[in-house]
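As provided, data-v3.cif (mmCIF, C-alpha atoms) reads as follows.
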```
data_query
#
loop_
_atom_site.label_atom_id
_atom_site.label_comp_id
_atom_site.auth_asym_id
_atom_site.auth_seq_id
_atom_site.Cartn_x
_atom_site.Cartn_y
_atom_site.Cartn_z
CA MET A 273 62.52 155.87 114.71
CA THR A 274 61.55 154.54 111.27
CA ILE A 275 62.36 156.24 107.97
CA ARG A 276 59.44 156.13 105.51
CA ASP A 277 59.22 158.25 102.38
CA GLY A 278 62.36 160.04 103.47
CA HIS A 279 60.72 161.14 106.74
CA ALA A 280 61.29 159.93 110.27
CA HIS A 281 58.28 158.33 111.95
CA ALA A 282 57.78 157.28 115.53
CA PRO A 283 56.99 153.56 115.85
CA ASP A 284 53.40 152.53 116.57
CA TYR A 285 54.46 150.11 119.32
CA ILE A 286 57.56 149.48 121.41
CA GLU A 287 56.93 145.85 122.40
CA PRO A 288 57.33 142.95 119.94
CA VAL A 289 54.31 140.82 119.10
CA ARG A 290 54.49 137.26 120.43
CA GLY A 291 52.97 134.51 118.29
CA TRP A 292 53.07 130.73 118.03
CA ARG A 293 55.24 129.08 115.44
CA THR A 294 56.35 125.62 114.37
CA TRP A 295 59.88 124.94 113.21
CA LEU A 296 61.75 122.07 111.66
CA ILE A 297 65.00 121.22 113.42
CA VAL A 298 67.67 120.85 110.77
CA GLN A 299 71.27 119.75 110.89
CA GLY A 300 73.30 122.93 110.39
CA HIS A 301 77.01 122.97 109.65
CA ASP A 302 77.80 123.47 113.35
CA GLY A 303 74.84 121.88 115.10
CA ALA A 304 71.05 121.78 115.09
CA ARG A 305 69.22 124.88 113.85
CA LEU A 306 65.59 125.97 113.56
CA ALA A 307 64.17 126.21 110.05
CA SER A 308 60.93 127.36 108.50
CA VAL A 309 58.40 124.66 107.59
CA SER A 310 57.29 126.53 104.49
CA PHE A 311 60.30 128.46 103.24
CA PRO A 312 63.91 127.32 102.76
CA ALA A 313 65.46 129.44 105.50
CA LEU A 314 67.53 128.51 108.53
CA GLY A 315 67.04 130.67 111.61
CA PRO A 316 70.38 132.20 112.56
CA SER A 317 71.40 132.03 116.22
CA ARG A 318 71.71 135.36 118.03
CA ARG A 319 70.82 137.26 114.88
CA ARG A 320 67.36 138.33 113.81
CA LEU A 321 65.72 136.65 110.84
CA ALA A 322 64.75 139.22 108.20
CA ALA A 323 61.99 138.60 105.66
CA GLU A 324 62.43 138.99 101.93
CA CYS A 325 59.78 138.68 99.27
CA GLY A 326 60.33 136.63 96.15
CA ARG A 327 56.69 136.63 95.14
CA GLY A 328 54.38 139.02 93.39
CA PHE A 329 51.60 141.14 94.77
CA HIS A 330 48.31 139.34 94.99
CA THR A 331 45.61 141.39 93.43
CA ALA A 332 41.88 141.05 94.02
CA ALA A 333 41.28 140.09 90.39
CA GLY A 334 43.55 138.62 87.78
CA PRO A 335 46.99 137.06 88.15
CA PRO A 336 49.52 138.36 90.68
CA ILE A 337 51.61 141.24 89.42
CA ARG A 338 55.23 141.09 90.40
CA ILE A 339 56.29 144.34 92.04
CA GLU A 340 59.46 144.74 94.06
CA HIS A 341 58.58 145.59 97.63
CA ARG A 342 59.78 145.29 101.18
CA ALA A 343 58.37 142.35 103.12
CA PRO A 344 55.78 142.14 104.45
CA ALA A 345 53.32 144.03 102.28
CA LEU A 346 49.64 144.24 103.09
CA ASP A 347 48.65 143.04 99.61
CA CYS A 348 51.15 140.18 99.44
CA SER A 349 51.52 136.95 101.39
CA CYS A 350 55.17 137.54 102.30
CA GLY A 351 56.75 137.95 105.73
CA ILE A 352 57.67 135.75 108.68
CA TYR A 353 54.53 134.07 109.94
CA ALA A 354 53.20 133.39 113.42
CA THR A 355 49.75 132.48 114.59
CA SER A 356 47.83 133.87 117.52
CA GLU A 357 46.27 130.46 118.18
CA LEU A 358 48.22 127.55 119.60
CA GLU A 359 45.83 125.14 117.88
CA ARG A 360 46.94 126.31 114.43
CA ALA A 361 50.61 125.88 115.32
CA THR A 362 49.98 122.34 116.57
CA GLN A 363 48.15 121.49 113.35
CA ILE A 364 51.23 122.57 111.41
CA ALA A 365 53.38 120.49 113.74
CA ASP A 366 51.20 117.49 112.89
CA CYS A 367 51.95 117.96 109.19
CA ALA A 368 55.58 119.01 109.51
CA THR A 369 56.72 116.11 111.62
CA ALA A 370 55.23 113.54 109.29
CA ARG A 371 56.01 115.21 105.97
CA PHE A 372 59.54 116.57 105.95
CA ARG A 373 62.63 114.41 105.69
CA ASP A 374 65.12 117.04 104.49
CA CYS A 375 65.32 120.81 104.27
CA LEU A 376 67.82 122.78 102.20
CA GLY A 377 69.48 119.46 101.42
CA ARG A 378 70.12 118.84 105.12
CA PRO A 379 68.52 116.12 107.20
CA VAL A 380 65.57 117.11 109.36
CA LEU A 381 66.30 116.03 112.92
CA GLY A 382 62.92 116.81 114.43
CA ALA A 383 60.37 119.54 114.96
CA ALA A 384 59.76 122.22 117.55
CA LEU A 385 56.93 124.43 118.65
CA GLY A 386 57.14 127.69 120.50
CA GLU A 387 56.73 131.41 120.64
CA VAL A 388 58.41 133.89 118.35
CA SER A 389 58.93 137.64 118.74
CA LEU A 390 57.92 139.67 115.70
CA TRP A 391 58.77 143.28 115.04
CA GLY A 392 59.70 145.79 112.35
CA THR A 393 56.86 146.07 109.85
CA VAL A 394 54.01 143.85 111.03
CA VAL A 395 50.85 142.91 109.14
CA GLU A 396 48.14 141.84 111.54
CA CYS A 397 45.81 139.19 110.12
CA ALA A 398 42.67 137.43 111.34
CA HIS A 399 44.57 134.58 113.02
CA GLY A 400 48.14 135.82 113.31
CA TRP A 401 50.80 138.09 111.92
CA ARG A 402 53.37 138.49 109.14
CA ALA A 403 56.47 140.47 110.05
CA SER A 404 59.72 141.74 108.64
CA LEU A 405 61.86 140.67 111.61
CA ALA A 406 61.67 137.70 113.97
CA TYR A 407 63.53 135.77 116.63
CA PRO A 408 62.46 132.76 118.73
CA ALA A 409 61.27 133.66 122.24
CA ARG A 410 60.91 130.15 123.67
CA VAL A 411 61.26 126.77 122.01
CA TYR A 412 59.92 123.30 122.83
CA VAL A 413 61.41 120.31 121.04
CA LEU A 414 58.67 117.82 120.20
CA ALA A 415 59.09 114.23 121.30
CA PRO A 416 60.23 111.68 118.69
CA SER A 417 56.97 109.84 119.19
CA TYR A 418 55.15 112.93 117.95
CA GLY A 419 54.44 111.69 114.44
CA ARG A 420 58.10 111.09 113.73
CA ARG A 421 59.21 107.74 115.00
CA SER A 422 62.35 107.76 112.87
CA GLN A 423 63.91 110.64 114.81
CA VAL A 424 67.44 109.55 115.63
CA VAL A 425 68.58 112.33 117.94
CA GLY A 426 66.84 112.45 121.31
CA THR A 427 64.84 115.52 122.36
CA ASP A 428 67.22 116.32 125.22
CA GLY A 429 70.19 116.30 122.83
CA LEU A 430 68.38 118.57 120.38
CA ALA A 431 67.30 120.90 123.18
CA ASP A 432 70.92 121.16 124.31
CA GLU A 433 72.07 122.04 120.79
CA LEU A 434 69.34 124.69 120.41
CA GLN A 435 70.63 126.51 123.49
CA VAL A 436 72.78 128.46 121.00
CA TYR A 437 69.72 130.67 120.41
CA GLY A 438 70.05 132.03 123.94
CA VAL A 439 66.32 131.67 124.73
CA PRO A 440 64.51 129.16 126.97
CA VAL A 441 64.50 125.73 125.31
CA GLY A 442 62.58 122.75 126.67
CA THR A 443 61.05 119.52 125.51
CA LEU A 444 57.43 118.48 125.09
CA ASP A 445 56.71 114.86 125.85
CA CYS A 446 53.38 114.91 124.06
CA ARG A 447 52.10 112.41 121.56
CA SER A 448 49.44 114.54 119.89
CA SER A 449 48.35 118.11 119.28
CA VAL A 450 45.50 117.54 121.74
CA GLU A 451 48.02 116.72 124.48
CA ILE A 452 50.04 119.84 123.66
CA ARG A 453 47.01 122.10 123.84
CA ARG A 454 45.96 120.53 127.13
CA LEU A 455 49.46 121.04 128.56
CA PHE A 456 49.59 124.74 127.66
CA ALA A 457 46.02 125.27 128.85
CA ASP A 458 47.05 123.81 132.22
CA GLU A 459 50.10 126.10 132.23
CA GLN A 460 47.96 129.16 131.57
CA GLN A 461 45.54 128.16 134.32
CA GLY A 462 48.49 127.69 136.64
CA ARG A 463 49.72 131.20 135.84
CA ALA A 464 46.27 132.68 136.35
CA ALA A 465 45.82 130.95 139.73
CA MET B 157 50.54 128.76 107.55
CA GLU B 158 46.99 129.98 107.15
CA ILE B 159 46.54 133.12 109.23
CA GLY B 160 43.60 134.70 107.44
CA ARG B 161 43.05 138.03 105.80
CA PRO B 162 45.18 141.05 106.72
CA HIS B 163 43.55 143.71 108.89
CA ARG B 164 46.16 146.40 109.36
CA GLN B 165 49.85 147.16 109.25
CA TYR B 166 52.04 148.85 111.84
CA GLU B 167 55.64 149.42 112.87
CA ILE B 168 57.18 147.97 116.01
CA GLU B 169 60.50 149.16 117.31
CA PRO B 170 61.18 147.30 120.56
CA LEU B 171 62.90 149.21 123.33
CA ASP B 172 64.74 146.02 124.26
CA ASP B 173 66.26 143.93 121.48
CA PRO B 174 64.44 140.55 121.32
CA VAL B 175 67.70 138.98 120.14
CA PRO B 176 69.82 137.92 123.12
CA ALA B 177 73.25 139.45 123.25
CA ASP B 178 76.21 137.24 122.49
CA GLU B 179 77.51 135.36 125.46
CA PRO B 180 80.32 137.36 127.01
CA VAL B 181 83.68 135.93 126.14
CA GLU B 182 85.71 135.47 129.27
CA SER B 183 88.90 137.39 128.89
CA PRO B 184 91.84 135.43 130.15
CA VAL B 185 93.46 136.79 133.27
CA PRO B 186 96.70 138.37 132.08
CA GLU B 187 99.73 136.71 133.48
CA ARG B 188 101.67 139.00 135.66
CA GLU B 189 105.37 139.29 135.73
CA PRO B 190 106.69 138.04 139.05
CA ALA B 191 107.15 140.92 141.41
CA ALA B 192 110.66 142.23 141.59
CA PRO B 193 112.40 141.37 144.85
CA ALA B 194 112.32 144.13 147.40
CA PRO B 195 115.52 146.15 147.33
CA GLU B 196 117.84 145.25 150.13
CA PRO B 197 118.18 147.96 152.69
CA VAL B 198 121.27 150.02 152.14
CA PRO B 199 123.39 150.06 155.27
CA SER B 200 123.77 153.56 156.47
#
```

Could you write out this structure as structure tokens?
Amino acid sequence: MTIRDGHAHAPDYIEPVRGWRTWLIVQGHDGARLASVSFPALGPSRRRLAAECGRGFHTAAGPPIRIEHRAPALDCSCGIYATSELERATQIADCATARFRDCLGRPVLGAALGEVSLWGTVVECAHGWRASLAYPARVYVLAPSYGRRSQVVGTDGLADELQVYGVPVGTLDCRSSVEIRRLFADEQQGRAA
Amino acid sequence: MEIGRPHRQYEIEPLDDPVPADEPVESPVPEREPAAPAPEPVPS
């Protein structure tokens, strides 16, 4: 039951949305942690990640007007993002692995791709969602050869450390986004067969 | 991440929490006091 305007409302859905997401893997104070590629936030283990908005509303005309609101709002760009298309997540992985060297002042150890559960307030968009609450559903650590040849920690070691999230964690021995998409397409065909 | 224009907004309240529960902490087996010796039979 959700409280809006002082009244209790039944939820619209009772299953979380599942979308694709790319993470940086960052050295936390007690091991590797998942972090956003676009916002300085570490994903806590065994606790949901809650969105906050530090931006203003985007209006159709004129500059954004800053109005306090709960994330995500329909007229803002805030919220925890996920895409409905694997291809978009792999494109972000292409950028993230090559671009980031540190996050929140901590060294970036690698990158991961996977599915995330989204719930709470959810804004559905043309190619994905923005949500108020999120938690990883399954995580694949990308191989060091995936655009990031300087990765020091091996994928198996990182996958072991990310077990703290309590969700399935694997590794992807792919060297390009094309290989990743082919792998998941084969997996989907295997499920359908 | 570019996810396009928003279409609609809704509320999701999952029946099952998507966040896994904390791993159960194994409670140590309490040490038992050694059993008291059986009382010797009283000669009648």

Resolved residues for the PyMOL selection byres ((chain B) within 7 of (chain A)) as an MDAnalysis selection string: chainID B and resid 159:171 174:178

Suppose you want the space between CA of Pro416 in chain A and CA of His301 in chain A; what is it in Å? 22.2 Å

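Across the model, the gap from CA of Ile297 in chain A to CA of Glu451 in chain A is 20.8 Å.
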
If you measure from CA of Ala383 in chain A to CA of Cys325 in chain A, what distance in Å do you get, rounded to one decimal? 24.8 Å

Compute the distance from (50.9, 111.3, 124.4) to each atom, counting all atoms listed in the file, keep the residues with any atom at most 12 Å away, and return them as a ChimeraX atom specification; use the coordinates of the file. /A:414-419,444-455

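What the PyMOL selection byres ((chain A and resi 303) around 12) grabs from this file is Ile297, Val298, Gln299, Gly300, His301, Asp302, Ala304, Arg305, Leu306, Leu314, Pro316, Ser317, Arg378, Pro379, Val380, Leu381, Val425, Gly429, Leu430, Ala431, Asp432, Glu433, Leu434, Gln435, Val436 and Tyr437 of chain A.
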